[in-house]
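Quick notes on the structure that follows.
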Amino acid sequence: MKRTAKLIALLLALSMLLCACSGGTTADSSAASAASDSTAVSSTASEAASGGEVGVKEDPDTIVFGFDSEPGKLDPQNNAQLGGMAVEKQVYDPLINKDPETGEFLPGLATAWEWVDDTHLKLTLREGVKFHNGQDFTAADVVYTVGRFPTGSSTGSLYAAFDPENTVANGDYEVTIAFYYPFSPALNFLTNGRAYIVPHEYMEENGEQALNQVMIGTGPFKFVEWVVGSHCTMERNDEYWGGAPAFKNLTVRFIADNSARMIALETGELDLALGIQDSDIKILLNGEREHINGLLVPGMQVNYFAFNMNVEPLADVRVRQALAHAVDWAAAVETAGGVVFQLADSCIAPTVEYYTPIGVYEYDVELAKELLAEAGYADGFTINAINEEIPAAVRLLEIMQQYFAEVGVTMNIQVVDNATWIESNNNGTSDVSICNMTASTGDPAHTLNSTRGVTVTGKIDDPEYVELYDAGMSAMDATERGEIYAELQQYVYDNVLQIPLFVRVISYGYWDYLDGFYPAPDQMVDFRTISVKQ
């Protein structure tokens with residue numbers, strides 16, 4: 001199925017779920033179950049807002065985007081914060097682009113590419129491209145960027161397959177990227193923001209910290225300033241190789257408070273806003289704000305209930321199965337998150353390649369009790385949940401706590417800051433937690449990567465799982481990869497290696513004078529396509 005049709009069906013499913021949100025839900029009525037619906041609905045702002053009058057924008061040459069978090073750094077290989085990535089997308093370019101609707105790989109800084117063998121990818125580079133400081137883009141910049149992957153804080157583990165020592169320039173406009181082993185996700189990974197190409201001459205002159213707060217890219221917008229705690233501003237790159245954007249100035253404002261971000265949208269301070277909370281997005285979807293529309297799109301992040309399998313009784317699959325059957329997941333997820341949570345039916349999100357709908361664990365209290373008794377825990381047990389201070393996730397844990405109590409399991413909940421939460425997962429002091437993985441590359445090798453990280457809570461050491469994961473990552477044939485990942489998703493479900501909870505639904509609010517806005521599931525809005533209707 002084309003990605004366009006799948007995304008359209010998912011958007012339809014979400015709208016159907018919104019209409020039905022006042023009634024009860026079951027696992028069979030999850031939004032994901034409608035993903036195969038063939039009815040088409042509009043998925044772009046230009047289509048959604050067509051027909052009738054649109055709002056008036058006083059300054060059509062400036063667009064202001066409201067984001068819910070601030071950059072950590074502005075260095076692609078050393079930033080994993082979404083706020084930074086959203087800004088970087090406008091200033092840098094990848095070697096390979098990806099059509100967000102079809103999933104087709106498209107030329108970027110590379111105009112052509114081919115696998116020489118399973119561990120060498122040869123790319124022909126675009127000529128005549130300049131960085132914003134006037135330096136020419138050449139193969140040396142690609143070799144330098146790949147050379148940063150092993151030490152980059154956002155690339156060190158995720159891009160571990162890339163082999164910098166054997167990555168070479170074959171002249172100024174051809175490069176061969178080497179890999180330590182067959183790495184089938186390579187093209188997906190090269191489209192991602194972590195692989196944006198940086199200027200080697202500028203870096204060598206100014207040092208490895210040079211891009212932390214200043215961006216020098218080849219992209220459609222040039223960096224102007226970053227005012228910490230407030231905004232980033234950019235201006236159009238009139239010499240952009242892909243054609244200059246339709247408007248001149250772009251500002252990304254960082255507004256962490258959901259209510260404040262919605263007010264800024266309503267008052268016209270923002271033209272487009274990300275992360276509209278459940279109550280507000282319903283208002284926009286229902287058409288209660290003149291000229292302001294709302295859109296929902298399933299994201300690439302699966303939130304899951306993670307187990308520390310190094311401790312009893314969670315090492316016993318029967319105990320994990322009991323917990324999986326002890327909760328009405330559809331009701332729990334809807335109550336906790338409303339329309340911005342989509343019930344997960346796999347460990348891979350529907351927007352990620354090779355997703356297979358596996359199913360939701362059936363709510364069966366008697367079966368849960370039987371499994372606990374069989375495992376030797378008829379009288380129950382106590383587990384400790386340490387979780388990051390995210391209100392909706394904590395609400396879901398509290399709902400699960402009540403369900404678990406019905407089968408004799410006591411779950412103590414401790415809410416902590418992000419750093420403490422990460423430490424508790426790393427050192428294993430948390431028995432269970434709600435964890436997540438965002439596959440912004442669109443590849444399952446990324447979304448499942450966290451299960452093989454350094455953490456204890458949520459880490460999977462199951463030999464068969466690891467074998468399937470490695471096989472999927474190295475299979476160069478797409479059909480073979482699909483079969484492996486279907487088997488892997490089923491294996492995770494059957495052995496309850498985690499309990500997929502929800503896919504984070506990305507919510508957007510926007511004024512209807514925006515044309516060409518596509519609701520990106522990875523939250524990385526592409527402003528090259530956007531213009532203002534006049």
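Convention: chains lettered A, B, ... in structure tokens order; per-chain residue numbering from 1; ligands numbered from 1 as shown.
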Would you pick out the contacts of Ile281 (chain A) at 10 Å or less, using only C-alpha atoms, so that residues sharing its chain but fewer than 2 positions from it are not included, and give the list as a PDB file with all heavy atoms, in the first residue's frame?
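What ended up in result_31.pdb:
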ATOM      1  N   MET A 262      -1.650  27.482  22.521  1.00  0.00           N
ATOM      2  CA  MET A 262      -2.970  27.562  21.890  1.00  0.00           C
ATOM      3  C   MET A 262      -3.445  29.017  21.829  1.00  0.00           C
ATOM      4  O   MET A 262      -3.992  29.467  20.807  1.00  0.00           O
ATOM      5  CB  MET A 262      -3.972  26.711  22.682  1.00  0.00           C
ATOM      6  CG  MET A 262      -5.395  26.745  22.131  1.00  0.00           C
ATOM      7  SD  MET A 262      -5.544  26.027  20.488  1.00  0.00           S
ATOM      8  CE  MET A 262      -7.348  26.114  20.274  1.00  0.00           C
ATOM      9  N   GLY A 275       1.550  20.211  18.720  1.00  0.00           N
ATOM     10  CA  GLY A 275       1.284  19.713  20.065  1.00  0.00           C
ATOM     11  C   GLY A 275       0.116  20.374  20.749  1.00  0.00           C
ATOM     12  O   GLY A 275       0.203  20.754  21.923  1.00  0.00           O
ATOM     13  N   ILE A 276      -1.000  20.502  20.030  1.00  0.00           N
ATOM     14  CA  ILE A 276      -2.216  21.054  20.640  1.00  0.00           C
ATOM     15  C   ILE A 276      -2.834  19.980  21.537  1.00  0.00           C
ATOM     16  O   ILE A 276      -3.060  18.853  21.101  1.00  0.00           O
ATOM     17  CB  ILE A 276      -3.227  21.476  19.553  1.00  0.00           C
ATOM     18  CG1 ILE A 276      -2.571  22.444  18.557  1.00  0.00           C
ATOM     19  CG2 ILE A 276      -4.450  22.108  20.180  1.00  0.00           C
ATOM     20  CD1 ILE A 276      -2.059  23.719  19.174  1.00  0.00           C
ATOM     21  N   GLN A 277      -3.095  20.320  22.782  1.00  0.00           N
ATOM     22  CA  GLN A 277      -3.564  19.328  23.743  1.00  0.00           C
ATOM     23  C   GLN A 277      -4.982  18.853  23.418  1.00  0.00           C
ATOM     24  O   GLN A 277      -5.715  19.469  22.646  1.00  0.00           O
ATOM     25  CB  GLN A 277      -3.502  19.887  25.156  1.00  0.00           C
ATOM     26  CG  GLN A 277      -4.371  21.102  25.403  1.00  0.00           C
ATOM     27  CD  GLN A 277      -4.142  21.694  26.779  1.00  0.00           C
ATOM     28  OE1 GLN A 277      -3.722  21.006  27.713  1.00  0.00           O
ATOM     29  NE2 GLN A 277      -4.414  22.983  26.935  1.00  0.00           N
ATOM     30  N   ASP A 278      -5.343  17.734  24.020  1.00  0.00           N
ATOM     31  CA  ASP A 278      -6.574  17.014  23.684  1.00  0.00           C
ATOM     32  C   ASP A 278      -7.816  17.908  23.656  1.00  0.00           C
ATOM     33  O   ASP A 278      -8.562  17.923  22.676  1.00  0.00           O
ATOM     34  CB  ASP A 278      -6.774  15.866  24.681  1.00  0.00           C
ATOM     35  CG  ASP A 278      -8.024  15.048  24.394  1.00  0.00           C
ATOM     36  OD1 ASP A 278      -8.057  14.350  23.371  1.00  0.00           O
ATOM     37  OD2 ASP A 278      -8.981  15.142  25.189  1.00  0.00           O
ATOM     38  N   SER A 279      -8.044  18.688  24.699  1.00  0.00           N
ATOM     39  CA  SER A 279      -9.260  19.499  24.769  1.00  0.00           C
ATOM     40  C   SER A 279      -9.283  20.575  23.696  1.00  0.00           C
ATOM     41  O   SER A 279     -10.335  20.893  23.125  1.00  0.00           O
ATOM     42  CB  SER A 279      -9.387  20.149  26.161  1.00  0.00           C
ATOM     43  OG  SER A 279      -8.240  20.943  26.446  1.00  0.00           O
ATOM     44  N   ILE A 283     -11.605  21.285  19.853  1.00  0.00           N
ATOM     45  CA  ILE A 283     -12.233  22.557  19.496  1.00  0.00           C
ATOM     46  C   ILE A 283     -11.917  22.905  18.042  1.00  0.00           C
ATOM     47  O   ILE A 283     -12.794  23.292  17.265  1.00  0.00           O
ATOM     48  CB  ILE A 283     -11.748  23.680  20.436  1.00  0.00           C
ATOM     49  CG1 ILE A 283     -12.319  23.477  21.844  1.00  0.00           C
ATOM     50  CG2 ILE A 283     -12.130  25.055  19.895  1.00  0.00           C
ATOM     51  CD1 ILE A 283     -11.754  24.439  22.877  1.00  0.00           C
ATOM     52  N   LEU A 284     -10.659  22.721  17.656  1.00  0.00           N
ATOM     53  CA  LEU A 284     -10.259  23.047  16.296  1.00  0.00           C
ATOM     54  C   LEU A 284     -10.854  22.069  15.288  1.00  0.00           C
ATOM     55  O   LEU A 284     -11.303  22.463  14.207  1.00  0.00           O
ATOM     56  CB  LEU A 284      -8.730  23.057  16.181  1.00  0.00           C
ATOM     57  CG  LEU A 284      -7.988  24.079  17.060  1.00  0.00           C
ATOM     58  CD1 LEU A 284      -6.494  24.032  16.754  1.00  0.00           C
ATOM     59  CD2 LEU A 284      -8.535  25.481  16.851  1.00  0.00           C
ATOM     60  N   LEU A 285     -10.858  20.797  15.630  1.00  0.00           N
ATOM     61  CA  LEU A 285     -11.411  19.800  14.722  1.00  0.00           C
ATOM     62  C   LEU A 285     -12.905  19.986  14.522  1.00  0.00           C
ATOM     63  O   LEU A 285     -13.452  19.662  13.455  1.00  0.00           O
ATOM     64  CB  LEU A 285     -11.123  18.390  15.254  1.00  0.00           C
ATOM     65  CG  LEU A 285      -9.655  17.944  15.196  1.00  0.00           C
ATOM     66  CD1 LEU A 285      -9.473  16.654  15.984  1.00  0.00           C
ATOM     67  CD2 LEU A 285      -9.197  17.754  13.761  1.00  0.00           C
ATOM     68  N   ASN A 286     -13.571  20.498  15.530  1.00  0.00           N
ATOM     69  CA  ASN A 286     -15.017  20.728  15.437  1.00  0.00           C
ATOM     70  C   ASN A 286     -15.366  22.052  14.753  1.00  0.00           C
ATOM     71  O   ASN A 286     -16.532  22.417  14.657  1.00  0.00           O
ATOM     72  CB  ASN A 286     -15.651  20.696  16.837  1.00  0.00           C
ATOM     73  CG  ASN A 286     -15.681  19.292  17.412  1.00  0.00           C
ATOM     74  OD1 ASN A 286     -15.705  18.303  16.680  1.00  0.00           O
ATOM     75  ND2 ASN A 286     -15.656  19.189  18.737  1.00  0.00           N
ATOM     76  N   GLY A 287     -14.343  22.803  14.323  1.00  0.00           N
ATOM     77  CA  GLY A 287     -14.591  24.041  13.594  1.00  0.00           C
ATOM     78  C   GLY A 287     -15.068  25.189  14.450  1.00  0.00           C
ATOM     79  O   GLY A 287     -15.764  26.091  13.962  1.00  0.00           O
ATOM     80  N   ASN A 293      -7.721  25.685  11.730  1.00  0.00           N
ATOM     81  CA  ASN A 293      -8.021  24.264  11.569  1.00  0.00           C
ATOM     82  C   ASN A 293      -7.143  23.408  12.466  1.00  0.00           C
ATOM     83  O   ASN A 293      -6.080  23.841  12.910  1.00  0.00           O
ATOM     84  CB  ASN A 293      -7.808  23.841  10.108  1.00  0.00           C
ATOM     85  CG  ASN A 293      -8.709  24.587   9.146  1.00  0.00           C
ATOM     86  OD1 ASN A 293      -9.855  24.895   9.464  1.00  0.00           O
ATOM     87  ND2 ASN A 293      -8.192  24.895   7.966  1.00  0.00           N
ATOM     88  N   GLY A 294      -7.589  22.182  12.680  1.00  0.00           N
ATOM     89  CA  GLY A 294      -6.806  21.208  13.423  1.00  0.00           C
ATOM     90  C   GLY A 294      -6.572  19.976  12.580  1.00  0.00           C
ATOM     91  O   GLY A 294      -7.412  19.619  11.745  1.00  0.00           O
ATOM     92  N   LEU A 295      -5.437  19.334  12.784  1.00  0.00           N
ATOM     93  CA  LEU A 295      -5.121  18.087  12.102  1.00  0.00           C
ATOM     94  C   LEU A 295      -4.468  17.124  13.078  1.00  0.00           C
ATOM     95  O   LEU A 295      -3.670  17.526  13.928  1.00  0.00           O
ATOM     96  CB  LEU A 295      -4.163  18.323  10.925  1.00  0.00           C
ATOM     97  CG  LEU A 295      -4.770  18.666   9.553  1.00  0.00           C
ATOM     98  CD1 LEU A 295      -3.650  18.902   8.551  1.00  0.00           C
ATOM     99  CD2 LEU A 295      -5.686  17.564   9.070  1.00  0.00           C
ATOM    100  N   LEU A 296      -4.803  15.862  12.939  1.00  0.00           N
ATOM    101  CA  LEU A 296      -4.166  14.801  13.708  1.00  0.00           C
ATOM    102  C   LEU A 296      -3.496  13.842  12.733  1.00  0.00           C
ATOM    103  O   LEU A 296      -4.063  13.517  11.687  1.00  0.00           O
ATOM    104  CB  LEU A 296      -5.198  14.018  14.532  1.00  0.00           C
ATOM    105  CG  LEU A 296      -5.931  14.762  15.647  1.00  0.00           C
ATOM    106  CD1 LEU A 296      -7.016  13.869  16.236  1.00  0.00           C
ATOM    107  CD2 LEU A 296      -4.955  15.182  16.737  1.00  0.00           C
ATOM    108  N   VAL A 339      -7.776  11.849  22.296  1.00  0.00           N
ATOM    109  CA  VAL A 339      -7.513  11.649  20.874  1.00  0.00           C
ATOM    110  C   VAL A 339      -6.040  11.760  20.513  1.00  0.00           C
ATOM    111  O   VAL A 339      -5.660  11.446  19.379  1.00  0.00           O
ATOM    112  CB  VAL A 339      -8.322  12.640  20.012  1.00  0.00           C
ATOM    113  CG1 VAL A 339      -9.808  12.415  20.185  1.00  0.00           C
ATOM    114  CG2 VAL A 339      -7.944  14.083  20.338  1.00  0.00           C
ATOM    115  N   VAL A 340      -5.185  12.213  21.429  1.00  0.00           N
ATOM    116  CA  VAL A 340      -3.773  12.310  21.093  1.00  0.00           C
ATOM    117  C   VAL A 340      -3.009  11.042  21.461  1.00  0.00           C
ATOM    118  O   VAL A 340      -1.784  10.981  21.303  1.00  0.00           O
ATOM    119  CB  VAL A 340      -3.118  13.541  21.748  1.00  0.00           C
ATOM    120  CG1 VAL A 340      -3.716  14.817  21.198  1.00  0.00           C
ATOM    121  CG2 VAL A 340      -3.243  13.502  23.263  1.00  0.00           C
ATOM    122  N   SER A 507      -0.527  16.429  16.848  1.00  0.00           N
ATOM    123  CA  SER A 507      -1.633  17.356  16.629  1.00  0.00           C
ATOM    124  C   SER A 507      -1.094  18.702  16.166  1.00  0.00           C
ATOM    125  O   SER A 507      -0.116  19.221  16.711  1.00  0.00           O
ATOM    126  CB  SER A 507      -2.456  17.535  17.916  1.00  0.00           C
ATOM    127  OG  SER A 507      -1.630  17.964  18.989  1.00  0.00           O
ATOM    128  N   TYR A 508      -1.739  19.243  15.148  1.00  0.00           N
ATOM    129  CA  TYR A 508      -1.361  20.535  14.594  1.00  0.00           C
ATOM    130  C   TYR A 508      -2.569  21.464  14.570  1.00  0.00           C
ATOM    131  O   TYR A 508      -3.691  21.035  14.263  1.00  0.00           O
ATOM    132  CB  TYR A 508      -0.863  20.403  13.151  1.00  0.00           C
ATOM    133  CG  TYR A 508       0.434  19.664  12.980  1.00  0.00           C
ATOM    134  CD1 TYR A 508       0.449  18.301  12.671  1.00  0.00           C
ATOM    135  CD2 TYR A 508       1.647  20.324  13.090  1.00  0.00           C
ATOM    136  CE1 TYR A 508       1.645  17.622  12.479  1.00  0.00           C
ATOM    137  CE2 TYR A 508       2.849  19.652  12.913  1.00  0.00           C
ATOM    138  CZ  TYR A 508       2.847  18.302  12.599  1.00  0.00           C
ATOM    139  OH  TYR A 508       4.024  17.629  12.409  1.00  0.00           O
ATOM    140  N   GLY A 509      -2.334  22.723  14.864  1.00  0.00           N
ATOM    141  CA  GLY A 509      -3.318  23.774  14.645  1.00  0.00           C
ATOM    142  C   GLY A 509      -2.717  24.775  13.673  1.00  0.00           C
ATOM    143  O   GLY A 509      -1.534  25.112  13.785  1.00  0.00           O
TER     144      GLY A 509
END
field: Neighbour list for region 232-241 of chain A as a VMD selection string, cut-off 7 Å, only C-alpha atoms, skip fewer than 4 positions in-chain
entry: chain A and resid 129 219 to 227 245 248 to 253
Contacts of Leu211 (chain A) within 10 Å, only C-alpha atoms, excl. fewer than 3 positions in-chain, as a PyMOL selection string: chain A and resi 73-78+198-199+202-203+206-208+214-217
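Coordinates place CA of Cys347 (chain A) at a distance of 13.5 Å from CA of Gly442 (chain A).
Across the structure, CA of Asn387 (chain A) and CA of Ser259 (chain A) are spaced 23.8 Å apart.
Of the residues under consideration (A:Trp113, A:Phe131, A:Tyr196, A:Tyr361), A:Trp113 shows the shortest atom-to-atom contact distance to Val175 (chain A) when counting only C-alpha atoms.
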message: Give me, as a ChimeraX atom specification, all polymer residues having an atom no more than 8 Å from region 517-528 of chain A, counting only C-alpha atoms and skipping those fewer than 6 positions away in the same chain.
response: /A:43-46,82,85-86,89-90,100,220,244-246,274,295-300,351,440,506,508
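Interatomic distance, CA of Glu467 (chain A) to CA of Val492 (chain A): 12.7 Å.
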Among region 216-259 of chain A, which ones does DSSP assign to strand (DSSP E or B) (computed from the backbone)? Answer as a short mmCIF file (atom, residue, chain, number, x, y, z; two decimals) with N, CA and C atoms, in the first residue's frame.
data_model
loop_
_atom_site.label_atom_id
_atom_site.label_comp_id
_atom_site.auth_asym_id
_atom_site.auth_seq_id
_atom_site.Cartn_x
_atom_site.Cartn_y
_atom_site.Cartn_z
N PHE A 221 16.73 27.73 4.18
CA PHE A 221 16.74 28.91 5.03
C PHE A 221 18.12 29.07 5.69
N LYS A 222 18.52 30.33 5.86
CA LYS A 222 19.77 30.66 6.53
C LYS A 222 19.49 31.03 7.98
N PHE A 223 20.34 30.56 8.86
CA PHE A 223 20.21 30.86 10.28
C PHE A 223 20.50 32.34 10.55
N VAL A 224 19.66 32.96 11.40
CA VAL A 224 19.86 34.35 11.80
C VAL A 224 20.24 34.44 13.28
N GLU A 225 19.38 33.89 14.15
CA GLU A 225 19.69 33.96 15.58
C GLU A 225 18.89 32.92 16.35
N TRP A 226 19.42 32.57 17.52
CA TRP A 226 18.71 31.75 18.49
C TRP A 226 18.72 32.52 19.81
N VAL A 227 17.55 32.95 20.23
CA VAL A 227 17.40 33.60 21.53
C VAL A 227 16.90 32.53 22.49
N HIS A 231 13.09 31.98 20.83
CA HIS A 231 12.83 31.66 19.42
C HIS A 231 14.12 31.48 18.64
N CYS A 232 13.98 30.91 17.46
CA CYS A 232 15.00 30.91 16.43
C CYS A 232 14.43 31.61 15.21
N THR A 233 15.24 32.43 14.55
CA THR A 233 14.80 33.07 13.32
C THR A 233 15.73 32.67 12.18
N MET A 234 15.14 32.57 11.00
CA MET A 234 15.85 32.22 9.78
C MET A 234 15.34 33.08 8.65
N GLU A 235 16.14 33.20 7.59
CA GLU A 235 15.71 33.94 6.43
C GLU A 235 15.92 33.10 5.18
N ARG A 236 15.15 33.38 4.16
CA ARG A 236 15.17 32.60 2.93
C ARG A 236 16.57 32.59 2.30
N ASN A 249 10.82 35.12 5.67
CA ASN A 249 11.27 34.97 7.07
C ASN A 249 10.54 33.85 7.77
N LEU A 250 11.28 33.05 8.53
CA LEU A 250 10.71 31.96 9.30
C LEU A 250 11.17 32.08 10.75
N THR A 251 10.22 32.08 11.67
CA THR A 251 10.53 32.10 13.10
C THR A 251 9.94 30.86 13.75
N VAL A 252 10.73 30.18 14.54
CA VAL A 252 10.24 29.07 15.35
C VAL A 252 10.25 29.52 16.80
N ARG A 253 9.06 29.65 17.38
CA ARG A 253 8.95 30.06 18.79
C ARG A 253 8.82 28.83 19.67
N PHE A 254 9.48 28.87 20.81
CA PHE A 254 9.47 27.74 21.74
C PHE A 254 8.54 28.07 22.90
#
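Proximity of A:His120, A:Arg504, A:Lys369, A:Arg261 to Gln301 (chain A), computed with only C-alpha atoms, is greatest for A:Arg504.
Across A:Val319, A:Val143, A:Leu187, A:Val54, the tightest approach to Thr167 (chain A) is made by A:Val143 when counting only C-alpha atoms.
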message: Can you pull out the residues contacting Glu388 (chain A)? Cut-off 9 Å, using only C-alpha atoms, and skip same-chain residues under 2 positions away; I want them as a PyMOL selection string.
response: chain A and resi 386+390-391+393-394+414-422+433-434
Within 8 Å of region 455-464 of chain A, which residues of region 324-436 of chain A show up? Give each one with its shortest atom-to-atom distance in Å (one decimal) and the two atoms involved, counting only C-alpha atoms, rows by chain then rising residue number, as a tab-separated table.
residue	atom	partner	partner_atom	distance
A:Asn425	CA	A:Thr457	CA	4.9
A:Asn426	CA	A:Thr455	CA	4.0
A:Asn427	CA	A:Val456	CA	6.3
A:Gly428	CA	A:Val456	CA	5.1
A:Ser430	CA	A:Thr457	CA	6.5
A:Asp431	CA	A:Thr457	CA	6.6
A:Val432	CA	A:Thr457	CA	6.5
A:Ser433	CA	A:Thr457	CA	7.3
A:Cys435	CA	A:Gly458	CA	7.6
task: Using DSSP on the backbone, list every residue of region 359-465 of chain A that comes out as alpha helix (DSSP H), and give them as a PyMOL selection string.
output: chain A and resi 365-374+391-405+418-427+444-447+463-465
- prompt: Any idea what's packed within 7 Å of Asn412 (chain A), counting only C-alpha atoms, ignoring anything in its chain fewer than 4 positions away? Could you give it as a PyMOL selection string?
  reply: chain A and resi 383-385
Could those residues be written to a file, using N, CA and C atoms, as a CSV table (one decimal), in the first residue's frame?
chain,number,residue,atom,x,y,z
A,383,ILE,N,5.5,-4.4,42.7
A,383,ILE,CA,6.5,-3.9,41.8
A,383,ILE,C,6.6,-2.4,41.9
A,384,ASN,N,7.8,-1.9,41.5
A,384,ASN,CA,8.0,-0.5,41.6
A,384,ASN,C,8.2,0.2,40.3
A,385,ALA,N,7.3,1.1,40.0
A,385,ALA,CA,7.3,1.9,38.7
A,385,ALA,C,7.9,3.3,39.0
Mind dumping a table of every region 270-309 of chain A residue within 12 Å of region 321-333 of chain A, with the nearest atom pair and its distance in Å to one decimal, using only C-alpha atoms, sorted by chain and rising number, as a Markdown table?
| residue | atom | partner | partner_atom | distance |
| --- | --- | --- | --- | --- |
| A:Asn303 | CA | A:Val333 | CA | 10.8 |
| A:Tyr304 | CA | A:Val333 | CA | 11.4 |
| A:Phe305 | CA | A:Ala324 | CA | 9.5 |
| A:Ala306 | CA | A:Ala324 | CA | 11.5 |
| A:Phe307 | CA | A:Leu323 | CA | 10.8 |
Expected file contents, prior selection, all heavy atoms, as a PDB file, in the first residue's frame:
ATOM      1  N   ASN A 303       4.830   4.242  22.644  1.00  0.00           N
ATOM      2  CA  ASN A 303       5.064   4.213  24.082  1.00  0.00           C
ATOM      3  C   ASN A 303       4.680   2.828  24.579  1.00  0.00           C
ATOM      4  O   ASN A 303       3.607   2.308  24.230  1.00  0.00           O
ATOM      5  CB  ASN A 303       4.219   5.272  24.782  1.00  0.00           C
ATOM      6  CG  ASN A 303       4.727   6.683  24.523  1.00  0.00           C
ATOM      7  OD1 ASN A 303       5.288   7.319  25.387  1.00  0.00           O
ATOM      8  ND2 ASN A 303       4.507   7.167  23.303  1.00  0.00           N
ATOM      9  N   TYR A 304       5.543   2.235  25.379  1.00  0.00           N
ATOM     10  CA  TYR A 304       5.313   0.851  25.788  1.00  0.00           C
ATOM     11  C   TYR A 304       5.613   0.667  27.271  1.00  0.00           C
ATOM     12  O   TYR A 304       6.371   1.434  27.871  1.00  0.00           O
ATOM     13  CB  TYR A 304       6.166  -0.104  24.942  1.00  0.00           C
ATOM     14  CG  TYR A 304       7.657   0.168  24.995  1.00  0.00           C
ATOM     15  CD1 TYR A 304       8.474  -0.500  25.906  1.00  0.00           C
ATOM     16  CD2 TYR A 304       8.258   1.080  24.133  1.00  0.00           C
ATOM     17  CE1 TYR A 304       9.839  -0.259  25.965  1.00  0.00           C
ATOM     18  CE2 TYR A 304       9.630   1.327  24.179  1.00  0.00           C
ATOM     19  CZ  TYR A 304      10.413   0.649  25.098  1.00  0.00           C
ATOM     20  OH  TYR A 304      11.766   0.896  25.166  1.00  0.00           O
ATOM     21  N   PHE A 305       4.996  -0.357  27.844  1.00  0.00           N
ATOM     22  CA  PHE A 305       5.220  -0.711  29.235  1.00  0.00           C
ATOM     23  C   PHE A 305       6.432  -1.625  29.260  1.00  0.00           C
ATOM     24  O   PHE A 305       6.401  -2.740  28.738  1.00  0.00           O
ATOM     25  CB  PHE A 305       3.986  -1.404  29.804  1.00  0.00           C
ATOM     26  CG  PHE A 305       3.988  -1.569  31.301  1.00  0.00           C
ATOM     27  CD1 PHE A 305       4.206  -0.493  32.140  1.00  0.00           C
ATOM     28  CD2 PHE A 305       3.737  -2.809  31.871  1.00  0.00           C
ATOM     29  CE1 PHE A 305       4.188  -0.631  33.514  1.00  0.00           C
ATOM     30  CE2 PHE A 305       3.703  -2.971  33.250  1.00  0.00           C
ATOM     31  CZ  PHE A 305       3.931  -1.882  34.072  1.00  0.00           C
ATOM     32  N   ALA A 306       7.516  -1.131  29.845  1.00  0.00           N
ATOM     33  CA  ALA A 306       8.791  -1.841  29.822  1.00  0.00           C
ATOM     34  C   ALA A 306       9.013  -2.595  31.127  1.00  0.00           C
ATOM     35  O   ALA A 306       8.663  -2.115  32.207  1.00  0.00           O
ATOM     36  CB  ALA A 306       9.927  -0.853  29.588  1.00  0.00           C
ATOM     37  N   PHE A 307       9.623  -3.771  31.009  1.00  0.00           N
ATOM     38  CA  PHE A 307       9.898  -4.626  32.164  1.00  0.00           C
ATOM     39  C   PHE A 307      11.398  -4.720  32.430  1.00  0.00           C
ATOM     40  O   PHE A 307      12.194  -4.754  31.494  1.00  0.00           O
ATOM     41  CB  PHE A 307       9.390  -6.049  31.912  1.00  0.00           C
ATOM     42  CG  PHE A 307       7.922  -6.149  31.605  1.00  0.00           C
ATOM     43  CD1 PHE A 307       7.489  -6.335  30.301  1.00  0.00           C
ATOM     44  CD2 PHE A 307       6.980  -6.059  32.612  1.00  0.00           C
ATOM     45  CE1 PHE A 307       6.136  -6.448  30.007  1.00  0.00           C
ATOM     46  CE2 PHE A 307       5.627  -6.158  32.334  1.00  0.00           C
ATOM     47  CZ  PHE A 307       5.203  -6.344  31.027  1.00  0.00           C
TER      48      PHE A 307
END
field: Selection near Val409 (chain A), 7 Å with only C-alpha atoms, sequence-local residues under 5 positions removed, as a ChimeraX atom specification
entry: /A:380-382,404
message: Measuring between only C-alpha atoms, which one of A:Glu290, A:Glu480, A:Asp93, A:Asp172 shows the shortest distance to Asp136 (chain A)?
response: A:Asp172
query: Looking at A:Arg148, A:Thr335, A:Val496, A:Ile348, which one is nearest to Ala392 (chain A), with distances taken over only C-alpha atoms?
result: A:Thr335
